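To be precise, the following lines are data-v1.cif, and they hold mmCIF, C-alpha atoms.
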```
data_entry
#
loop_
_atom_site.group_PDB
_atom_site.id
_atom_site.type_symbol
_atom_site.label_atom_id
_atom_site.label_comp_id
_atom_site.auth_asym_id
_atom_site.auth_seq_id
_atom_site.Cartn_x
_atom_site.Cartn_y
_atom_site.Cartn_z
ATOM 1 C CA MET B 527 23.236 61.316 58.393
ATOM 2 C CA THR B 528 22.966 60.039 61.930
ATOM 3 C CA ASP B 529 25.945 59.111 63.976
ATOM 4 C CA ASP B 530 25.130 55.401 63.606
ATOM 5 C CA GLY B 531 24.831 55.694 59.840
ATOM 6 C CA TYR B 532 28.172 57.428 59.637
ATOM 7 C CA LYS B 533 29.793 54.723 61.740
ATOM 8 C CA ARG B 534 28.275 51.974 59.557
ATOM 9 C CA TRP B 535 29.613 53.580 56.320
ATOM 10 C CA ASP B 536 32.946 54.136 57.900
ATOM 11 C CA LEU B 537 33.139 50.426 58.780
ATOM 12 C CA ARG B 538 32.077 49.379 55.289
ATOM 13 C CA ILE B 539 34.732 51.562 53.693
ATOM 14 C CA LYS B 540 37.374 50.289 56.073
ATOM 15 C CA ILE B 541 36.513 46.708 55.089
ATOM 16 C CA ALA B 542 36.082 47.328 51.373
ATOM 17 C CA ALA B 543 39.204 49.406 50.813
ATOM 18 C CA PRO B 544 41.792 46.723 51.554
ATOM 19 C CA ILE B 545 39.697 44.169 49.653
ATOM 20 C CA ILE B 546 39.619 46.443 46.609
ATOM 21 C CA THR B 547 43.350 47.057 47.004
ATOM 22 C CA VAL B 548 44.109 43.316 47.111
ATOM 23 C CA ILE B 549 41.873 42.688 44.128
ATOM 24 C CA GLY B 550 43.620 45.438 42.246
ATOM 25 C CA LEU B 551 46.992 43.962 43.125
ATOM 26 C CA LEU B 552 45.903 40.503 42.022
ATOM 27 C CA VAL B 553 44.581 41.818 38.687
ATOM 28 C CA GLY B 554 47.828 43.625 38.153
ATOM 29 C CA VAL B 555 49.876 40.534 38.867
ATOM 30 C CA TRP B 556 47.683 38.441 36.584
ATOM 31 C CA GLN B 557 48.008 40.963 33.753
ATOM 32 C CA PHE B 558 51.754 41.067 34.194
ATOM 33 C CA THR B 559 52.184 37.286 34.162
ATOM 34 C CA ALA B 560 49.793 36.873 31.230
ATOM 35 C CA GLY B 561 51.726 39.478 29.312
ATOM 36 C CA GLN B 562 55.025 37.833 30.171
ATOM 37 C CA SER B 563 53.700 34.455 29.100
ATOM 38 C CA ALA B 564 52.452 35.791 25.777
ATOM 39 C CA GLN B 565 55.781 37.492 25.181
ATOM 40 C CA LEU B 566 57.660 34.287 25.963
ATOM 41 C CA GLN B 567 55.449 32.351 23.565
ATOM 42 C CA ARG B 568 56.081 34.922 20.834
ATOM 43 C CA GLN B 569 59.807 34.757 21.489
ATOM 44 C CA SER B 570 59.795 30.935 21.376
ATOM 45 C CA ALA B 571 57.862 30.942 18.102
ATOM 46 C CA GLN B 572 60.265 33.504 16.650
ATOM 47 C CA ILE B 573 63.270 31.450 17.743
ATOM 48 C CA ALA B 574 61.737 28.302 16.210
ATOM 49 C CA GLU B 575 61.032 30.168 12.950
ATOM 50 C CA ASN B 576 64.574 31.560 12.881
ATOM 51 C CA ASP B 577 65.967 28.068 13.466
ATOM 52 C CA ARG B 578 63.796 26.702 10.663
ATOM 53 C CA LEU B 579 64.925 29.399 8.232
ATOM 54 C CA GLU B 580 68.528 28.961 9.270
ATOM 55 C CA PHE B 581 68.299 25.199 8.675
ATOM 56 C CA LYS B 582 66.696 25.776 5.272
ATOM 57 C CA ARG B 583 69.379 28.267 4.353
ATOM 58 C CA ARG B 584 72.155 25.885 5.376
ATOM 59 C CA MET B 585 70.543 23.063 3.408
ATOM 60 C CA TRP B 586 70.186 25.331 0.368
ATOM 61 C CA GLU B 587 73.832 26.379 0.636
ATOM 62 C CA LYS B 588 74.840 22.722 0.940
ATOM 63 C CA GLN B 589 72.755 21.901 -2.125
ATOM 64 C CA LEU B 590 74.297 24.773 -4.092
ATOM 65 C CA ASP B 591 77.777 23.732 -3.014
ATOM 66 C CA THR B 592 77.141 20.139 -4.135
ATOM 67 C CA TYR B 593 75.650 21.257 -7.440
ATOM 68 C CA MET B 594 78.770 23.351 -8.076
ATOM 69 C CA LYS B 595 81.003 20.378 -7.287
ATOM 70 C CA VAL B 596 79.105 18.113 -9.662
ATOM 71 C CA SER B 597 79.023 20.838 -12.346
ATOM 72 C CA GLY B 598 82.804 20.969 -12.151
ATOM 73 C CA ALA B 599 83.078 17.186 -12.462
ATOM 74 C CA VAL B 600 80.656 17.161 -15.392
ATOM 75 C CA GLY B 601 82.594 19.895 -17.155
ATOM 76 C CA ARG B 602 85.844 17.986 -16.736
ATOM 77 C CA ILE B 603 84.203 14.827 -18.119
ATOM 78 C CA ALA B 604 82.904 16.688 -21.176
ATOM 79 C CA THR B 605 86.334 18.171 -21.916
ATOM 80 C CA ALA B 606 88.635 15.296 -20.885
ATOM 81 C CA GLU B 607 91.537 14.939 -23.301
ATOM 82 C CA ASP B 608 92.326 11.246 -22.868
ATOM 83 C CA ASP B 609 90.782 8.017 -21.666
ATOM 84 C CA LYS B 610 92.699 7.954 -18.358
ATOM 85 C CA GLU B 611 91.605 11.471 -17.413
ATOM 86 C CA LEU B 612 88.036 10.703 -18.518
ATOM 87 C CA ARG B 613 87.762 7.566 -16.379
ATOM 88 C CA LYS B 614 89.197 9.409 -13.378
ATOM 89 C CA GLU B 615 86.654 12.203 -13.726
ATOM 90 C CA ILE B 616 83.798 9.716 -14.217
ATOM 91 C CA ALA B 617 84.873 7.978 -10.996
ATOM 92 C CA ASN B 618 84.812 11.364 -9.264
ATOM 93 C CA PHE B 619 81.314 12.040 -10.630
ATOM 94 C CA ASP B 620 80.134 8.568 -9.557
ATOM 95 C CA ALA B 621 81.275 9.222 -5.978
ATOM 96 C CA LEU B 622 79.082 12.331 -5.876
ATOM 97 C CA TYR B 623 76.262 10.519 -7.728
ATOM 98 C CA TRP B 624 76.084 7.782 -5.105
ATOM 99 C CA GLY B 625 76.831 10.096 -2.166
ATOM 100 C CA GLU B 626 76.182 13.786 -1.590
ATOM 101 C CA MET B 627 73.790 14.232 -4.497
ATOM 102 C CA ILE B 628 71.335 11.692 -3.066
ATOM 103 C CA TYR B 629 71.043 13.935 -0.003
ATOM 104 C CA VAL B 630 70.440 17.259 -1.773
ATOM 105 C CA GLN B 631 68.866 16.543 -5.175
ATOM 106 C CA ASP B 632 65.203 17.004 -5.964
ATOM 107 C CA GLU B 633 63.211 14.795 -8.335
ATOM 108 C CA ALA B 634 63.904 16.810 -11.485
ATOM 109 C CA VAL B 635 67.631 16.916 -10.792
ATOM 110 C CA GLU B 636 67.706 13.201 -9.960
ATOM 111 C CA LYS B 637 66.241 12.292 -13.373
ATOM 112 C CA THR B 638 68.858 14.391 -15.147
ATOM 113 C CA MET B 639 71.640 12.960 -12.965
ATOM 114 C CA VAL B 640 70.571 9.440 -13.929
ATOM 115 C CA ALA B 641 70.481 10.442 -17.592
ATOM 116 C CA PHE B 642 74.027 11.816 -17.401
ATOM 117 C CA HIS B 643 75.277 8.788 -15.445
ATOM 118 C CA VAL B 644 73.878 6.481 -18.150
ATOM 119 C CA GLU B 645 75.356 8.745 -20.839
ATOM 120 C CA THR B 646 78.852 8.329 -19.394
ATOM 121 C CA ARG B 647 78.457 4.558 -19.640
ATOM 122 C CA ASP B 648 77.148 4.942 -23.181
ATOM 123 C CA PHE B 649 80.161 7.034 -24.133
ATOM 124 C CA LEU B 650 82.596 4.481 -22.702
ATOM 125 C CA ASN B 651 80.792 1.732 -24.667
ATOM 126 C CA GLY B 652 80.798 3.646 -27.954
ATOM 127 C CA VAL B 653 77.035 4.151 -27.934
ATOM 128 C CA ARG B 654 77.249 7.944 -27.633
ATOM 129 C CA THR B 655 79.634 10.580 -28.927
ATOM 130 C CA LYS B 656 81.443 13.366 -27.091
ATOM 131 C CA ASP B 657 78.906 15.839 -28.436
ATOM 132 C CA ASP B 658 76.095 13.752 -26.910
ATOM 133 C CA LEU B 659 77.955 13.856 -23.591
ATOM 134 C CA LYS B 660 78.317 17.633 -23.798
ATOM 135 C CA ARG B 661 74.605 18.067 -24.505
ATOM 136 C CA ARG B 662 73.727 15.910 -21.548
ATOM 137 C CA ALA B 663 76.207 17.859 -19.386
ATOM 138 C CA ASN B 664 74.516 21.089 -20.449
ATOM 139 C CA SER B 665 71.084 19.690 -19.522
ATOM 140 C CA LEU B 666 72.350 18.611 -16.127
ATOM 141 C CA VAL B 667 73.848 21.960 -15.194
ATOM 142 C CA GLU B 668 70.670 23.693 -16.398
ATOM 143 C CA ALA B 669 68.686 21.401 -14.123
ATOM 144 C CA PHE B 670 70.918 22.490 -11.215
ATOM 145 C CA ARG B 671 70.280 26.136 -12.037
ATOM 146 C CA GLU B 672 66.509 25.683 -12.162
ATOM 147 C CA SER B 673 66.547 23.729 -8.910
ATOM 148 C CA SER B 674 68.556 26.469 -7.186
ATOM 149 C CA LYS B 675 66.152 29.129 -8.454
ATOM 150 C CA ARG B 676 63.135 27.164 -7.197
ATOM 151 C CA ASN B 677 64.645 26.708 -3.760
ATOM 152 C CA TRP B 678 65.748 30.340 -3.554
ATOM 153 C CA ALA B 679 62.206 31.445 -4.366
ATOM 154 C CA ALA B 680 60.915 29.156 -1.619
ATOM 155 C CA PHE B 681 62.639 31.385 0.930
ATOM 156 C CA GLY B 682 60.163 34.070 0.009
ATOM 157 C CA ASP B 683 62.773 36.473 -1.355
ATOM 158 C CA ALA B 684 62.169 38.207 -4.653
ATOM 159 C CA LYS B 685 63.075 36.057 -7.659
ATOM 160 C CA PRO B 686 66.316 37.089 -9.418
ATOM 161 C CA MET M 1117 71.769 41.787 2.583
ATOM 162 C CA ALA M 1118 75.213 41.725 0.886
ATOM 163 C CA PHE M 1119 74.992 37.937 0.599
ATOM 164 C CA SER M 1120 71.509 38.168 -0.968
ATOM 165 C CA SER M 1121 72.723 40.647 -3.547
ATOM 166 C CA PHE M 1122 75.704 38.475 -4.412
ATOM 167 C CA LEU M 1123 73.536 35.416 -4.749
ATOM 168 C CA ALA M 1124 71.008 37.209 -6.924
ATOM 169 C CA ALA M 1125 73.772 38.466 -9.201
ATOM 170 C CA PHE M 1126 75.287 34.985 -9.362
ATOM 171 C CA LEU M 1127 71.980 33.377 -10.335
ATOM 172 C CA ILE M 1128 71.279 36.066 -12.925
ATOM 173 C CA SER M 1129 74.704 35.499 -14.485
ATOM 174 C CA LEU M 1130 73.977 31.782 -14.659
ATOM 175 C CA SER M 1131 70.646 32.499 -16.343
ATOM 176 C CA ALA M 1132 72.414 34.479 -19.043
ATOM 177 C CA ALA M 1133 75.102 31.880 -19.666
ATOM 178 C CA GLY M 1134 74.841 29.119 -22.223
ATOM 179 C CA PRO M 1135 77.151 26.721 -24.095
ATOM 180 C CA ALA M 1136 80.145 28.554 -25.528
ATOM 181 C CA VAL M 1137 80.241 26.596 -28.803
ATOM 182 C CA PRO M 1138 77.001 25.420 -30.440
ATOM 183 C CA LEU M 1139 76.749 21.643 -30.816
ATOM 184 C CA PRO M 1140 75.461 19.892 -33.945
ATOM 185 C CA PRO M 1141 71.641 19.520 -33.929
ATOM 186 C CA GLN M 1142 70.125 16.326 -32.560
ATOM 187 C CA PRO M 1143 68.194 13.886 -34.765
ATOM 188 C CA GLN M 1144 64.522 14.712 -34.978
ATOM 189 C CA VAL M 1145 61.501 12.412 -34.945
ATOM 190 C CA SER M 1146 61.313 12.225 -38.756
ATOM 191 C CA GLU M 1147 64.941 11.146 -38.993
ATOM 192 C CA THR M 1148 64.403 8.527 -36.302
ATOM 193 C CA ARG M 1149 61.359 7.194 -38.139
ATOM 194 C CA ALA M 1150 63.391 6.922 -41.346
ATOM 195 C CA ALA M 1151 66.200 5.115 -39.521
ATOM 196 C CA LEU M 1152 63.730 2.706 -37.856
ATOM 197 C CA ALA M 1153 61.483 1.898 -40.799
ATOM 198 C CA GLY M 1154 63.157 3.193 -43.966
ATOM 199 C CA SER M 1155 60.926 3.619 -46.996
ATOM 200 C CA ARG M 1156 59.758 -0.013 -47.205
ATOM 201 C CA GLY M 1157 60.050 -1.280 -43.632
ATOM 202 C CA LYS M 1158 63.019 -2.669 -41.701
ATOM 203 C CA ARG M 1159 63.246 -5.905 -39.736
ATOM 204 C CA TRP M 1160 65.263 -5.679 -36.543
ATOM 205 C CA THR M 1161 66.371 -8.854 -34.790
ATOM 206 C CA PHE M 1162 66.244 -8.991 -31.006
ATOM 207 C CA GLU M 1163 67.068 -12.642 -30.870
ATOM 208 C CA LYS M 1164 67.891 -14.600 -33.988
ATOM 209 C CA PHE M 1165 65.335 -17.220 -34.922
ATOM 210 C CA ASP M 1166 66.659 -20.688 -34.599
ATOM 211 C CA LYS M 1167 64.384 -22.706 -36.878
ATOM 212 C CA TYR M 1168 64.289 -26.488 -37.151
ATOM 213 C CA LEU M 1169 65.446 -27.830 -40.501
ATOM 214 C CA GLY M 1170 62.523 -28.638 -42.804
ATOM 215 C CA GLN M 1171 59.905 -27.478 -40.331
ATOM 216 C CA GLU M 1172 57.752 -24.450 -41.227
ATOM 217 C CA ASN M 1173 57.379 -21.938 -38.421
ATOM 218 C CA ARG M 1174 59.060 -24.210 -35.894
ATOM 219 C CA CYS M 1175 61.639 -22.633 -33.608
ATOM 220 C CA THR M 1176 63.211 -22.788 -30.188
ATOM 221 C CA LYS M 1177 63.928 -19.105 -29.781
ATOM 222 C CA GLY M 1178 63.833 -15.812 -31.664
ATOM 223 C CA GLU M 1179 62.205 -12.407 -31.825
ATOM 224 C CA THR M 1180 62.103 -9.770 -34.540
ATOM 225 C CA TRP M 1181 60.438 -6.363 -34.802
ATOM 226 C CA THR M 1182 59.580 -5.033 -38.248
ATOM 227 C CA PHE M 1183 58.860 -1.304 -38.356
ATOM 228 C CA LEU M 1184 56.845 -0.082 -41.334
ATOM 229 C CA PRO M 1185 56.653 3.519 -42.607
ATOM 230 C CA ASN M 1186 52.911 3.678 -41.819
ATOM 231 C CA GLU M 1187 53.709 3.353 -38.074
ATOM 232 C CA THR M 1188 52.758 -0.309 -37.989
ATOM 233 C CA LEU M 1189 54.943 -2.746 -36.098
ATOM 234 C CA ASP M 1190 55.057 -6.458 -36.865
ATOM 235 C CA VAL M 1191 56.415 -8.491 -33.936
ATOM 236 C CA ALA M 1192 57.415 -12.093 -34.577
ATOM 237 C CA ARG M 1193 58.286 -14.155 -31.528
ATOM 238 C CA CYS M 1194 59.006 -17.826 -30.821
ATOM 239 C CA VAL M 1195 56.282 -19.020 -28.473
ATOM 240 C CA GLU M 1196 56.011 -22.713 -27.578
ATOM 241 C CA ASN M 1197 58.199 -23.746 -30.526
ATOM 242 C CA LYS M 1198 56.177 -21.817 -33.093
ATOM 243 C CA VAL M 1199 56.703 -18.428 -34.693
ATOM 244 C CA VAL M 1200 53.816 -16.228 -33.607
ATOM 245 C CA ARG M 1201 53.197 -12.908 -35.371
ATOM 246 C CA ARG M 1202 51.418 -9.903 -33.936
ATOM 247 C CA GLU M 1203 50.708 -6.537 -35.499
ATOM 248 C CA THR M 1204 50.479 -3.352 -33.488
ATOM 249 C CA LYS M 1205 51.021 0.381 -33.878
ATOM 250 C CA PHE M 1206 53.966 2.451 -32.779
ATOM 251 C CA ALA M 1207 54.377 6.181 -32.164
ATOM 252 C CA LEU M 1208 57.420 8.439 -31.962
ATOM 253 C CA ARG M 1209 57.744 11.730 -30.120
ATOM 254 C CA ALA M 1210 60.503 14.089 -29.072
ATOM 255 C CA LYS M 1211 60.783 13.482 -25.323
ATOM 256 C CA SER M 1212 63.415 16.189 -24.923
ATOM 257 C CA ASP M 1213 65.835 17.976 -27.209
ATOM 258 C CA GLN M 1214 68.106 14.958 -26.881
ATOM 259 C CA ASP M 1215 65.756 11.990 -26.700
ATOM 260 C CA VAL M 1216 63.213 10.502 -29.108
ATOM 261 C CA ALA M 1217 60.720 8.167 -27.449
ATOM 262 C CA LEU M 1218 58.988 5.180 -29.043
ATOM 263 C CA THR M 1219 55.674 3.982 -27.655
ATOM 264 C CA VAL M 1220 54.566 0.404 -28.315
ATOM 265 C CA ASP M 1221 51.579 -1.159 -26.537
ATOM 266 C CA GLY M 1222 51.726 1.466 -23.808
ATOM 267 C CA ALA M 1223 55.422 0.958 -23.074
ATOM 268 C CA GLU M 1224 57.816 3.828 -23.773
ATOM 269 C CA TYR M 1225 61.393 3.357 -24.933
ATOM 270 C CA LEU M 1226 64.154 5.784 -25.837
ATOM 271 C CA VAL M 1227 65.410 5.124 -29.358
ATOM 272 C CA ILE M 1228 69.192 4.991 -29.646
ATOM 273 C CA PHE M 1229 71.307 4.212 -32.687
ATOM 274 C CA PRO M 1230 74.780 3.548 -31.247
ATOM 275 C CA ALA M 1231 77.553 5.677 -32.649
ATOM 276 C CA ARG M 1232 79.817 2.596 -32.809
ATOM 277 C CA SER M 1233 77.779 1.077 -35.661
ATOM 278 C CA ALA M 1234 77.764 4.215 -37.829
ATOM 279 C CA GLY M 1235 79.125 3.281 -41.249
ATOM 280 C CA SER M 1236 79.239 -0.413 -40.321
ATOM 281 C CA LYS M 1237 77.417 -3.198 -42.206
ATOM 282 C CA ARG M 1238 75.783 -4.228 -38.959
ATOM 283 C CA GLU M 1239 73.202 -1.733 -37.740
ATOM 284 C CA GLU M 1240 72.310 -1.603 -34.090
ATOM 285 C CA LEU M 1241 69.228 -0.295 -32.369
ATOM 286 C CA ILE M 1242 68.778 0.111 -28.632
ATOM 287 C CA LEU M 1243 65.321 0.525 -27.156
ATOM 288 C CA ARG M 1244 65.908 1.774 -23.653
ATOM 289 C CA GLN M 1245 63.729 2.076 -20.587
ATOM 290 C CA ARG M 1246 65.872 4.522 -18.651
ATOM 291 C CA ALA M 1247 65.618 4.692 -14.881
ATOM 292 C CA GLU M 1248 64.261 7.907 -13.385
ATOM 293 C CA SER M 1249 65.774 7.423 -9.973
ATOM 294 C CA THR M 1250 69.156 6.371 -8.668
ATOM 295 C CA THR M 1251 67.929 3.033 -7.367
ATOM 296 C CA GLN M 1252 65.964 1.947 -10.448
ATOM 297 C CA GLU M 1253 67.582 -0.026 -13.251
ATOM 298 C CA THR M 1254 67.917 1.016 -16.871
ATOM 299 C CA VAL M 1255 66.884 -1.766 -19.246
ATOM 300 C CA ASP M 1256 68.136 -1.976 -22.831
ATOM 301 C CA ARG M 1257 66.727 -4.142 -25.600
ATOM 302 C CA VAL M 1258 69.404 -4.402 -28.275
ATOM 303 C CA PHE M 1259 68.396 -5.158 -31.844
ATOM 304 C CA PHE M 1260 70.519 -5.551 -34.914
ATOM 305 C CA ARG M 1261 70.127 -5.852 -38.660
ATOM 306 C CA THR M 1262 72.363 -6.027 -41.657
ATOM 307 C CA ARG M 1263 72.493 -2.719 -43.472
ATOM 308 C CA ASP M 1264 71.015 -2.804 -47.021
#
```
Is it possible to express this structure as structure tokens?
Amino acid sequence: MTDDGYKRWDLRIKIAAPIITVIGLLVGVWQFTAGQSAQLQRQSAQIAENDRLEFKRRMWEKQLDTYMKVSGAVGRIATAEDDKELRKEIANFDALYWGEMIYVQDEAVEKTMVAFHVETRDFLNGVRTKDDLKRRANSLVEAFRESSKRNWAAFGDAKP
Amino acid sequence: MAFSSFLAAFLISLSAAGPAVPLPPQPQVSETRAALAGSRGKRWTFEKFDKYLGQENRCTKGETWTFLPNETLDVARCVENKVVRRETKFALRAKSDQDVALTVDGAEYLVIFPARSAGSKREELILRQRAESTTQETVDRVFFRTRD
């Protein structure tokens, strides 16, 4: 190689080297920020999913808690010893019927709640017997159990 | 994990539980049919006919349903001051282990014989369209007849 040729290559290398270095730096920065962004997106999605599951779990626990409350009221209605106690427990049931249950019940439970509510009126009016009331109470609590199982399965856990 | 195990055990225990003391069996469809129609048919009054004296088939109000053992229903109703009769079919089915449903002209009713009229000369029959949601109304049609 002639002296001129050597000088030309030397110049080219001296120009190209920093350019290549800068390009390399820029690619590195881009890769880093892209990776960070993807990681942030994954973290946000995970947080949103956790929040969703947490909300579902709290709602399910609230539903279970309400079902247990109503089951207790229904049991006390079915076993009430006198008229005064019976009317007090029916009033307690009605408060849940028109309140918390509306928030947590599903369609199947709502139908059975209505049936029991009507049954209590029937019993007070002499249309139904205590045994009828107990049968209806049994159906209602079974409906609660099935509803709880359905919602538990919806979490994706193994069915009990 | 501990909470999941507890919950699973709780739900399993609920699955295994049932009523402690068995209750008397509920009336079946055949018994309901017998109570509705008897062996020769039964006329149930929804609203007593108020007939004019000396006038055939004249009325101001009234409605009766006569159930026959062959699943035929004869409905007599006061329409424009005259008794109008219509024949149709009815069907009974067990809607649940507690309810027997009657279907007439596409409408479904729960059949209820009130406990208060057991043993009484006056028989009662309630045909109920029960609400399926909290905000719907339950509608009862109450019939009566004098026991044979």
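Counting from atom CA of Val640 of chain B, the distance to atom CA of Trp678 of chain B is 23.8 Å.
Contacts from chain M to chain B at a cut-off of 6 Å (all atoms listed in the file) map to Ala1124, Pro1230, Ala1231, Arg1232, Glu1248 and Ser1249 of chain M.
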- [ ] Name the residues captured by the PyMOL selection byres ((chain M and resi 1166) around 7) when it is applied to the shown file; answer as a PyMOL selection string.
- [x] chain M and resi 1164-1165+1167-1168+1175-1178
Write a file of the selected residues as a JSON list (two decimals), in the frame of the given file, keeping C-alpha atoms.
```json
[["chain", "number", "residue", "atom", "x", "y", "z"],
["M", 1164, "LYS", "CA", 67.89, -14.60, -33.99],
["M", 1165, "PHE", "CA", 65.33, -17.22, -34.92],
["M", 1167, "LYS", "CA", 64.38, -22.71, -36.88],
["M", 1168, "TYR", "CA", 64.29, -26.49, -37.15],
["M", 1175, "CYS", "CA", 61.64, -22.63, -33.61],
["M", 1176, "THR", "CA", 63.21, -22.79, -30.19],
["M", 1177, "LYS", "CA", 63.93, -19.10, -29.78],
["M", 1178, "GLY", "CA", 63.83, -15.81, -31.66]]
```
Open item on the list: So, with all atoms listed in the file as the atoms that count, which of M:Thr1204, M:Thr1262, M:Gln1214, M:Thr1180 lies closest to Trp1160 of chain M?
Closed with: M:Thr1180
- [ ] For the structure provided, state which residues fall under the PyMOL selection byres ((chain B and resi 630) around 12), and present them as a ChimeraX atom specification.
- [x] /B:582,584-593,596,622-629,631-636,670,673-674,677
Selection above as a file: C-alpha atoms, as a short mmCIF file (atom, residue, chain, number, x, y, z; two decimals), in the coordinates of the input:
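This is the output file result.cif:
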```cif
data_model
loop_
_atom_site.label_atom_id
_atom_site.label_comp_id
_atom_site.auth_asym_id
_atom_site.auth_seq_id
_atom_site.Cartn_x
_atom_site.Cartn_y
_atom_site.Cartn_z
CA LYS B 582 66.70 25.78 5.27
CA ARG B 584 72.16 25.88 5.38
CA MET B 585 70.54 23.06 3.41
CA TRP B 586 70.19 25.33 0.37
CA GLU B 587 73.83 26.38 0.64
CA LYS B 588 74.84 22.72 0.94
CA GLN B 589 72.76 21.90 -2.12
CA LEU B 590 74.30 24.77 -4.09
CA ASP B 591 77.78 23.73 -3.01
CA THR B 592 77.14 20.14 -4.14
CA TYR B 593 75.65 21.26 -7.44
CA VAL B 596 79.10 18.11 -9.66
CA LEU B 622 79.08 12.33 -5.88
CA TYR B 623 76.26 10.52 -7.73
CA TRP B 624 76.08 7.78 -5.11
CA GLY B 625 76.83 10.10 -2.17
CA GLU B 626 76.18 13.79 -1.59
CA MET B 627 73.79 14.23 -4.50
CA ILE B 628 71.33 11.69 -3.07
CA TYR B 629 71.04 13.94 0.00
CA GLN B 631 68.87 16.54 -5.18
CA ASP B 632 65.20 17.00 -5.96
CA GLU B 633 63.21 14.80 -8.34
CA ALA B 634 63.90 16.81 -11.48
CA VAL B 635 67.63 16.92 -10.79
CA GLU B 636 67.71 13.20 -9.96
CA PHE B 670 70.92 22.49 -11.22
CA SER B 673 66.55 23.73 -8.91
CA SER B 674 68.56 26.47 -7.19
CA ASN B 677 64.64 26.71 -3.76
#
```
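Of the residues listed (B:Asn576, B:Thr559, B:Asn618, B:Thr605), B:Thr605 shows the shortest atom-to-atom separation from Lys656 of chain B; distances use only C-alpha atoms.
Straight-line separation from atom CA of Phe581 of chain B to atom CA of Met594 of chain B: 19.8 Å.
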Open item on the list: Between atom CA of Ser1212 of chain M and atom CA of Arg1244 of chain M, what distance in Å does the model show, to one decimal?
Closed with: 14.7 Å
TODO: For the structure shown, which residues end up in the PyMOL selection byres ((chain M and resi 1215-1224) around 8)? Put them as a list in words, please?
DONE: Gln1144, Val1145, Thr1148, Thr1204, Lys1205, Phe1206, Ala1207, Leu1208, Arg1209, Ala1210, Lys1211, Ser1212, Asp1213, Gln1214, Tyr1225, Leu1226, Val1227 and Gln1245 of chain M
Could you take the residues named above and write them with C-alpha atoms, as an mmCIF file, in the frame of the given file?
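File produced: out.cif:
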```cif
data_model
loop_
_atom_site.group_PDB
_atom_site.id
_atom_site.type_symbol
_atom_site.label_atom_id
_atom_site.label_comp_id
_atom_site.auth_asym_id
_atom_site.auth_seq_id
_atom_site.Cartn_x
_atom_site.Cartn_y
_atom_site.Cartn_z
ATOM 1 C CA GLN M 1144 64.522 14.712 -34.978
ATOM 2 C CA VAL M 1145 61.501 12.412 -34.945
ATOM 3 C CA THR M 1148 64.403 8.527 -36.302
ATOM 4 C CA THR M 1204 50.479 -3.352 -33.488
ATOM 5 C CA LYS M 1205 51.021 0.381 -33.878
ATOM 6 C CA PHE M 1206 53.966 2.451 -32.779
ATOM 7 C CA ALA M 1207 54.377 6.181 -32.164
ATOM 8 C CA LEU M 1208 57.420 8.439 -31.962
ATOM 9 C CA ARG M 1209 57.744 11.730 -30.120
ATOM 10 C CA ALA M 1210 60.503 14.089 -29.072
ATOM 11 C CA LYS M 1211 60.783 13.482 -25.323
ATOM 12 C CA SER M 1212 63.415 16.189 -24.923
ATOM 13 C CA ASP M 1213 65.835 17.976 -27.209
ATOM 14 C CA GLN M 1214 68.106 14.958 -26.881
ATOM 15 C CA TYR M 1225 61.393 3.357 -24.933
ATOM 16 C CA LEU M 1226 64.154 5.784 -25.837
ATOM 17 C CA VAL M 1227 65.410 5.124 -29.358
ATOM 18 C CA GLN M 1245 63.729 2.076 -20.587
#
```
